[in-house]
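Coordinates as given in final15.cif (mmCIF, C-alpha atoms):
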```cif
data_run
#
loop_
_atom_site.label_atom_id
_atom_site.label_comp_id
_atom_site.auth_asym_id
_atom_site.auth_seq_id
_atom_site.Cartn_x
_atom_site.Cartn_y
_atom_site.Cartn_z
CA MET A 1 6.37 14.35 5.49
CA SER A 2 9.51 13.69 7.49
CA GLU A 3 12.90 14.98 6.45
CA VAL A 4 16.07 13.01 5.74
CA ARG A 5 19.44 14.70 6.33
CA LEU A 6 21.92 12.22 4.99
CA GLY A 7 25.36 12.21 6.57
CA LEU A 8 24.03 13.85 9.73
CA ASN A 9 20.75 12.60 11.12
CA ILE A 10 17.53 11.07 9.98
CA ILE A 11 14.54 12.94 11.34
CA GLN A 12 11.93 10.21 11.37
CA GLY A 13 8.37 11.49 11.22
CA VAL A 14 6.22 9.58 13.71
CA GLY A 15 2.99 11.56 13.63
CA THR A 16 1.94 14.82 12.02
CA SER A 17 3.91 16.83 14.60
CA THR A 18 6.12 14.25 16.34
CA SER A 19 9.59 13.12 15.27
CA MET A 20 12.56 11.08 16.44
CA ILE A 21 16.20 11.55 15.46
CA MET A 22 18.58 8.76 14.42
CA LYS A 23 22.27 9.23 13.71
CA VAL A 24 23.64 8.11 10.33
CA LYS A 25 27.00 6.31 10.20
CA ASN A 26 27.29 5.45 6.50
CA VAL A 27 25.39 6.30 3.33
CA TYR A 28 25.23 3.67 0.57
CA VAL A 29 22.40 4.94 -1.60
CA ALA A 30 20.68 8.31 -1.90
CA THR A 31 18.62 8.41 -5.06
CA LYS A 32 15.21 9.04 -6.54
CA THR A 33 13.72 6.13 -8.44
CA LYS A 34 10.86 6.56 -10.88
CA TYR A 35 8.41 6.26 -7.98
CA GLN A 36 10.03 7.40 -4.75
CA GLU A 37 13.06 8.77 -2.96
CA ALA A 38 15.19 5.96 -1.58
CA GLN A 39 18.05 5.90 0.89
CA ILE A 40 20.01 2.93 2.19
CA VAL A 41 22.18 3.84 5.16
CA ASP A 42 23.73 2.53 8.34
CA LEU A 43 22.16 3.96 11.49
CA GLU A 44 24.23 4.07 14.66
CA GLU A 45 21.75 2.14 16.83
CA PHE A 46 19.72 0.28 14.19
CA GLY A 47 22.27 -0.88 11.60
CA ARG A 48 21.47 -1.10 7.89
CA ALA A 49 18.27 0.73 7.05
CA LEU A 50 15.93 1.39 4.14
CA ILE A 51 14.21 4.79 4.01
CA LEU A 52 11.55 5.65 1.42
CA ASP A 53 10.21 9.17 0.95
CA GLY A 54 11.51 10.11 4.37
CA PHE A 55 10.01 7.18 6.29
CA VAL A 56 12.06 4.35 7.78
CA GLN A 57 10.78 1.10 6.27
CA SER A 58 13.15 -1.48 7.76
CA THR A 59 16.26 -1.58 9.89
CA GLU A 60 18.67 -4.41 10.58
CA ALA A 61 18.06 -4.28 14.33
CA ASP A 62 14.29 -4.65 14.39
CA GLU A 63 12.98 -5.60 10.94
CA PHE A 64 12.24 -9.11 12.25
CA LEU A 65 9.63 -7.60 14.60
CA TYR A 66 7.80 -6.04 11.67
CA HIS A 67 8.15 -8.85 9.14
CA GLU A 68 7.45 -11.78 11.43
CA SER A 69 4.39 -9.95 12.76
CA LEU A 70 3.14 -9.25 9.24
CA VAL A 71 3.68 -12.72 7.79
CA GLN A 72 3.68 -15.41 10.45
CA PRO A 73 0.17 -15.04 11.98
CA ALA A 74 -1.52 -15.34 8.57
CA MET A 75 0.72 -18.18 7.42
CA SER A 76 0.19 -20.07 10.68
CA THR A 77 -3.56 -19.56 10.57
CA HIS A 78 -3.88 -21.10 7.12
CA PRO A 79 -3.74 -24.93 7.32
CA ASN A 80 -1.78 -25.35 4.08
CA PRO A 81 -0.37 -22.15 2.56
CA ALA A 82 1.03 -23.43 -0.73
CA ARG A 83 0.69 -20.38 -2.99
CA VAL A 84 1.37 -16.96 -1.55
CA LEU A 85 1.21 -13.49 -3.09
CA VAL A 86 3.27 -10.61 -1.68
CA ILE A 87 2.31 -7.14 -2.87
CA GLY A 88 5.17 -4.71 -2.22
CA GLY A 89 7.92 -5.85 0.13
CA GLY A 90 10.77 -4.52 -2.01
CA GLU A 91 13.57 -5.36 0.44
CA GLY A 92 12.72 -9.07 0.25
CA ALA A 93 12.23 -9.68 3.97
CA THR A 94 8.52 -10.45 3.68
CA LEU A 95 9.36 -12.96 0.96
CA ARG A 96 11.97 -14.44 3.29
CA GLU A 97 9.38 -14.99 6.02
CA VAL A 98 6.95 -16.65 3.60
CA LEU A 99 9.61 -19.03 2.32
CA LYS A 100 10.34 -20.30 5.84
CA HIS A 101 7.25 -22.50 5.51
CA ASN A 102 7.93 -25.83 3.83
CA THR A 103 4.32 -25.92 2.65
CA VAL A 104 5.03 -23.11 0.14
CA VAL A 105 5.45 -24.23 -3.46
CA GLU A 106 5.16 -20.78 -5.03
CA ALA A 107 5.66 -17.27 -3.67
CA VAL A 108 4.96 -14.42 -6.07
CA MET A 109 6.24 -10.98 -5.11
CA VAL A 110 4.88 -7.99 -7.04
CA ASP A 111 6.58 -4.63 -6.60
CA ILE A 112 6.19 -1.57 -8.79
CA ASP A 113 9.71 -0.25 -8.17
CA GLY A 114 12.26 -2.38 -10.00
CA GLU A 115 15.06 0.04 -9.22
CA LEU A 116 14.43 -0.36 -5.50
CA VAL A 117 14.36 -4.16 -5.75
CA GLU A 118 17.75 -4.14 -7.48
CA LEU A 119 19.18 -1.86 -4.79
CA ALA A 120 17.80 -4.18 -2.13
CA LYS A 121 19.40 -7.20 -3.76
CA LYS A 122 22.78 -5.43 -3.63
CA TYR A 123 22.70 -3.61 -0.28
CA LEU A 124 20.08 -5.34 1.90
CA GLU A 125 21.22 -8.96 1.98
CA VAL A 126 21.00 -8.76 5.76
CA MET A 127 17.24 -8.51 5.26
CA HIS A 128 16.38 -10.62 2.22
CA ARG A 129 18.98 -13.33 3.01
CA GLY A 130 18.91 -14.70 -0.51
CA SER A 131 15.13 -15.03 -0.73
CA PHE A 132 15.11 -13.54 -4.23
CA ASN A 133 17.08 -16.57 -5.43
CA ASP A 134 14.84 -19.23 -3.89
CA PRO A 135 13.47 -21.45 -6.71
CA ARG A 136 9.97 -21.11 -5.25
CA ALA A 137 10.09 -17.30 -5.60
CA LYS A 138 8.85 -15.37 -8.61
CA ILE A 139 9.56 -11.62 -8.73
CA LEU A 140 7.34 -9.43 -10.91
CA ILE A 141 8.07 -5.74 -11.42
CA MET A 142 4.69 -4.16 -12.04
CA ASP A 143 1.86 -2.20 -10.46
CA GLY A 144 0.19 -4.31 -7.78
CA LEU A 145 -3.23 -3.00 -8.79
CA LYS A 146 -2.66 -4.03 -12.40
CA TYR A 147 -1.46 -7.46 -11.32
CA VAL A 148 -4.54 -8.03 -9.18
CA GLU A 149 -6.76 -7.12 -12.11
CA GLU A 150 -5.00 -9.59 -14.43
CA ALA A 151 -3.95 -12.50 -12.18
CA PRO A 152 -5.73 -15.88 -12.18
CA GLN A 153 -8.72 -16.14 -9.85
CA LYS A 154 -9.04 -18.49 -6.86
CA TYR A 155 -5.31 -19.19 -7.00
CA TYR A 156 -3.68 -17.93 -3.78
CA ASP A 157 -3.94 -19.30 -0.26
CA VAL A 158 -2.44 -16.22 1.40
CA VAL A 159 -2.07 -12.63 0.17
CA ILE A 160 0.29 -10.32 2.05
CA SER A 161 0.13 -6.57 1.47
CA ASP A 162 3.47 -5.04 2.49
CA LEU A 163 3.11 -1.51 1.19
CA THR A 164 4.32 1.84 2.40
CA ASP A 165 1.90 3.51 4.80
CA PRO A 166 -1.53 4.57 3.48
CA TYR A 167 -0.71 8.16 4.47
CA GLY A 168 2.69 7.91 2.75
CA PRO A 169 3.51 7.91 -1.00
CA GLU A 170 0.66 8.26 -3.50
CA ILE A 171 1.59 4.98 -5.23
CA SER A 172 0.27 2.91 -2.32
CA LYS A 173 -2.97 4.68 -1.33
CA LEU A 174 -5.28 2.96 -3.83
CA LEU A 175 -4.06 -0.42 -2.57
CA TYR A 176 -5.88 0.10 0.74
CA SER A 177 -9.30 0.72 -0.82
CA THR A 178 -12.45 -1.38 -0.73
CA GLU A 179 -12.21 -1.82 -4.50
CA PHE A 180 -8.69 -3.19 -4.25
CA TYR A 181 -9.59 -5.64 -1.49
CA ALA A 182 -12.60 -6.86 -3.48
CA LYS A 183 -10.41 -7.48 -6.53
CA THR A 184 -7.78 -9.20 -4.40
CA LYS A 185 -10.39 -11.51 -2.88
CA LYS A 186 -11.12 -12.87 -6.36
CA LEU A 187 -7.51 -14.13 -6.57
CA MET A 188 -7.86 -16.01 -3.32
CA LYS A 189 -9.21 -19.48 -2.77
CA ASP A 190 -12.45 -19.70 -0.80
CA ASP A 191 -10.50 -20.30 2.42
CA GLY A 192 -7.81 -17.73 1.60
CA ILE A 193 -6.35 -15.22 4.04
CA LEU A 194 -5.30 -11.62 3.42
CA VAL A 195 -3.10 -9.61 5.75
CA THR A 196 -2.01 -6.00 5.47
CA GLN A 197 0.10 -3.63 7.49
CA ALA A 198 -2.06 -0.65 8.37
CA GLY A 199 0.23 2.08 9.69
CA SER A 200 -0.41 3.61 13.10
CA SER A 201 -3.87 3.55 14.64
CA PHE A 202 -2.70 6.00 17.32
CA PHE A 203 -1.27 8.76 15.15
CA PHE A 204 -3.59 8.24 12.15
CA PRO A 205 -6.81 6.76 13.61
CA LYS A 206 -9.11 7.90 10.80
CA THR A 207 -6.98 6.30 8.10
CA TYR A 208 -6.61 3.13 10.14
CA GLU A 209 -10.33 2.83 10.79
CA GLU A 210 -11.01 3.29 7.07
CA ILE A 211 -8.76 0.31 6.27
CA VAL A 212 -10.53 -1.88 8.82
CA SER A 213 -13.91 -0.76 7.53
CA ASN A 214 -12.89 -1.46 3.93
CA LEU A 215 -11.83 -4.98 4.83
CA ARG A 216 -15.01 -5.64 6.82
CA SER A 217 -17.07 -4.71 3.78
CA VAL A 218 -15.34 -7.49 1.79
CA PHE A 219 -14.52 -10.28 4.29
CA LYS A 220 -16.57 -12.05 6.99
CA ILE A 221 -13.72 -12.36 9.53
CA VAL A 222 -11.49 -9.34 10.26
CA ARG A 223 -8.98 -9.33 13.13
CA GLU A 224 -6.67 -6.54 14.28
CA TYR A 225 -3.31 -6.68 16.07
CA TRP A 226 -0.15 -4.66 16.55
CA THR A 227 3.56 -4.82 17.34
CA TRP A 228 5.87 -2.14 18.72
CA ILE A 229 8.59 -1.26 16.17
CA PRO A 230 11.38 0.79 17.84
CA SER A 231 12.74 2.35 14.63
CA PHE A 232 9.25 3.49 13.63
CA GLY A 233 8.65 5.14 16.99
CA TYR A 234 5.18 3.65 17.23
CA ALA A 235 3.16 0.45 17.41
CA CYS A 236 2.57 -0.77 13.87
CA ASN A 237 -0.90 -2.11 13.15
CA TYR A 238 -1.86 -5.13 11.07
CA VAL A 239 -5.20 -6.51 9.92
CA ILE A 240 -6.02 -10.10 8.89
CA ALA A 241 -9.12 -10.91 6.84
CA SER A 242 -10.70 -14.16 5.68
CA ASP A 243 -14.08 -15.76 5.04
CA LYS A 244 -13.15 -18.98 6.84
CA HIS A 245 -10.07 -18.93 9.06
CA ASP A 246 -9.97 -17.00 12.33
CA PRO A 247 -6.54 -16.39 13.92
CA LEU A 248 -8.25 -15.63 17.22
CA LYS A 249 -9.18 -19.31 17.58
CA LEU A 250 -5.60 -20.63 17.43
CA THR A 251 -4.12 -21.86 20.71
CA PRO A 252 -0.43 -21.30 21.58
CA ASN A 253 0.25 -25.04 21.41
CA TYR A 254 -1.36 -25.29 17.98
CA VAL A 255 0.76 -22.43 16.60
CA ASP A 256 3.97 -23.88 18.03
CA GLU A 257 3.18 -27.27 16.50
CA VAL A 258 2.48 -25.71 13.10
CA LEU A 259 5.78 -23.83 13.14
CA LYS A 260 7.68 -26.95 14.20
CA ASN A 261 6.11 -29.15 11.51
CA ARG A 262 6.84 -26.59 8.81
CA GLY A 263 10.45 -26.08 9.87
CA VAL A 264 9.94 -22.43 10.79
CA THR A 265 12.35 -20.71 13.16
CA ASN A 266 11.54 -17.19 14.37
CA LYS A 267 13.11 -14.63 16.67
CA TYR A 268 9.84 -13.10 17.85
CA TYR A 269 6.69 -14.89 16.79
CA ASP A 270 5.53 -18.08 18.48
CA GLY A 271 2.33 -19.51 19.93
CA ARG A 272 2.32 -17.38 23.04
CA ARG A 273 3.07 -14.24 21.04
CA HIS A 274 0.20 -15.07 18.69
CA GLN A 275 -2.22 -15.30 21.58
CA VAL A 276 -1.04 -11.98 23.04
CA MET A 277 -1.21 -10.23 19.67
CA PHE A 278 -4.88 -10.96 19.17
CA ALA A 279 -5.90 -10.41 22.78
CA SER A 280 -4.21 -7.05 23.33
CA GLY A 281 -6.64 -4.80 21.47
CA VAL A 282 -5.79 -1.80 19.33
CA ILE A 283 -4.63 1.64 20.45
CA ILE A 284 -6.77 4.29 18.79
CA GLY A 285 -5.59 7.87 18.85
CA HIS A 286 -7.53 10.88 20.01
CA LYS A 287 -7.26 14.63 20.13
CA PRO A 288 -6.02 15.82 23.56
#
```
Mind turning the file's structure into structure tokens?
Amino acid sequence: MSEVRLGLNIIQGVGTSTSMIMKVKNVYVATKTKYQEAQIVDLEEFGRALILDGFVQSTEADEFLYHESLVQPAMSTHPNPARVLVIGGGEGATLREVLKHNTVVEAVMVDIDGELVELAKKYLEVMHRGSFNDPRAKILIMDGLKYVEEAPQKYYDVVISDLTDPYGPEISKLLYSTEFYAKTKKLMKDDGILVTQAGSSFFFPKTYEEIVSNLRSVFKIVREYWTWIPSFGYACNYVIASDKHDPLKLTPNYVDEVLKNRGVTNKYYDGRRHQVMFASGVIIGHKP
């Protein structure tokens, strides 16, 4: 577990024995919610930042790299994403990315930590940009596992799992299991798409490969991709799963046309980026 020294530096854990140091300018929140330690600070080179249990989750400077990469490929792959479920995503930036699409009529965000969501509303406007107040958004404060067990079946077009890393806090580990993915699939329409962030395949290859294996045991089509996130200090991995839609088959022109027709404007993701994401392979770690 990495260490946070508020007022001095953040020592960001990258791997089990690798760290990077970031200088703190201002401290807005340093608290322990019912579920996790939370800090909201300004970092000298990354701006406003959310840190949970010692791990940087989002920073003002590069959160768009993470959130666009998590949300946009799945949303663009689905031909008509009308109802979307976000599990986690407490800072509201994943919800923001979903709501860019004019096809969306309902976006349900389920997060277990209500205290964190309230802090995000107050201090992380630079990330959520008012998404919590969008009339299409519905925010539920509850355990994602419990919600999946109780939610209506065959309802969602896209499910986005934006949880803390599988090797991070205990509250998220069960939500990367085969059982959880099987239950989630029941909420999805027959042509639904699920996407999850999957941590670092380089520093935690065993955990990453377990996630991919779990998804392959539930879905017919499973595709992997990654994006370099500077504030994380590593390439963050993502996995898309579906029984019908394959993101690998989308051409750059098709993606660009989808984004244009839906009124989506991005900083990072476009048709060319989509093609590169799914053609670049995955970096798997090894013992030197």
Q: Can you turn the PyMOL selection byres ((chain A and resi 197) around 12) into a concrete residue list for this file, as an MDAnalysis selection string?
A: chainID A and resid 57 66:71 74 86:89 94 159:166 172 175:176 194:196 198:201 208 211:212 224:227 235:241
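One distance worth recording is that between CA of Leu248 in chain A and CA of His78 in chain A, which is 12.3 Å.
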**Q.** Straight-line distance linking CA of Pro152 in chain A with CA of Ala182 in chain A, stated in Å to one decimal
**A.** 14.3 Å
Q. What does the distance from CA of Phe46 in chain A to CA of Ala107 in chain A come to in Å, to one decimal?
A. 28.7 Å
Q: Would you kindly return, as an NGL selection string, each protein, DNA or RNA residue with an atom no farther than 12 Å from any atom of Asn261 in chain A, considering all atoms listed in the file and excluding same-chain residues fewer than 5 positions away?
A: :A and (76 or 79-80 or 100-103 or 254-256)
Q. A:Phe219, A:Tyr123, A:Phe64, A:Tyr155: which is nearest Glu106 in chain A, counting all atoms listed in the file?
A. A:Tyr155
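Distance annotation: of A:Leu116, A:Val148, A:Met142, A:Pro73, the residue with the minimal separation from Arg272 in chain A is A:Pro73; atom set is only C-alpha atoms.
Running the PyMOL selection byres ((chain A and resi 127-138) around 6) on this file leaves Gly92, Ala93, Arg96, Val105, Glu106, Ala107, Val108, Leu124, Glu125, Val126 and Ile139 of chain A selected.
Remark: for Glu210 in chain A, the closest of the candidate residues A:Gln275, A:Arg48, A:Tyr167, A:Glu97 is A:Tyr167 (distances computed over all atoms listed in the file).
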Kindly provide, as JSON, the centre and edge lengths (Å, one decimal) of an axis-aligned box around all atoms of range 152-155 of chain A given in the file, with 6 Å on each side.
```
{"center_x": -7.2, "center_y": -17.5, "center_z": -9.5, "size_x": 15.7, "size_y": 15.3, "size_z": 17.3}
```
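With distances taken over all atoms listed in the file, A:Val98 is the one residue among A:Leu43, A:Met188, A:Val27, A:Val98 lying closest to Asn266 in chain A.
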Q.
Since I can't run it myself right now, could you work out what the PyMOL selection byres ((chain A and resi 38) around 8) selects here and report it as a PyMOL selection string?
A. chain A and resi 29-33+36-37+39-40+50-53+116
Q. Of the candidates A:Val84, A:Phe55, A:Gly47, A:His245, which one gets nearest to Gly233 in chain A if we count all atoms listed in the file?
A. A:Phe55
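Distance annotation: of A:Ile141, A:Ile283, A:Ala61, A:Leu95, the residue with the minimal separation from Glu115 in chain A is A:Ile141; atom set is all atoms listed in the file.
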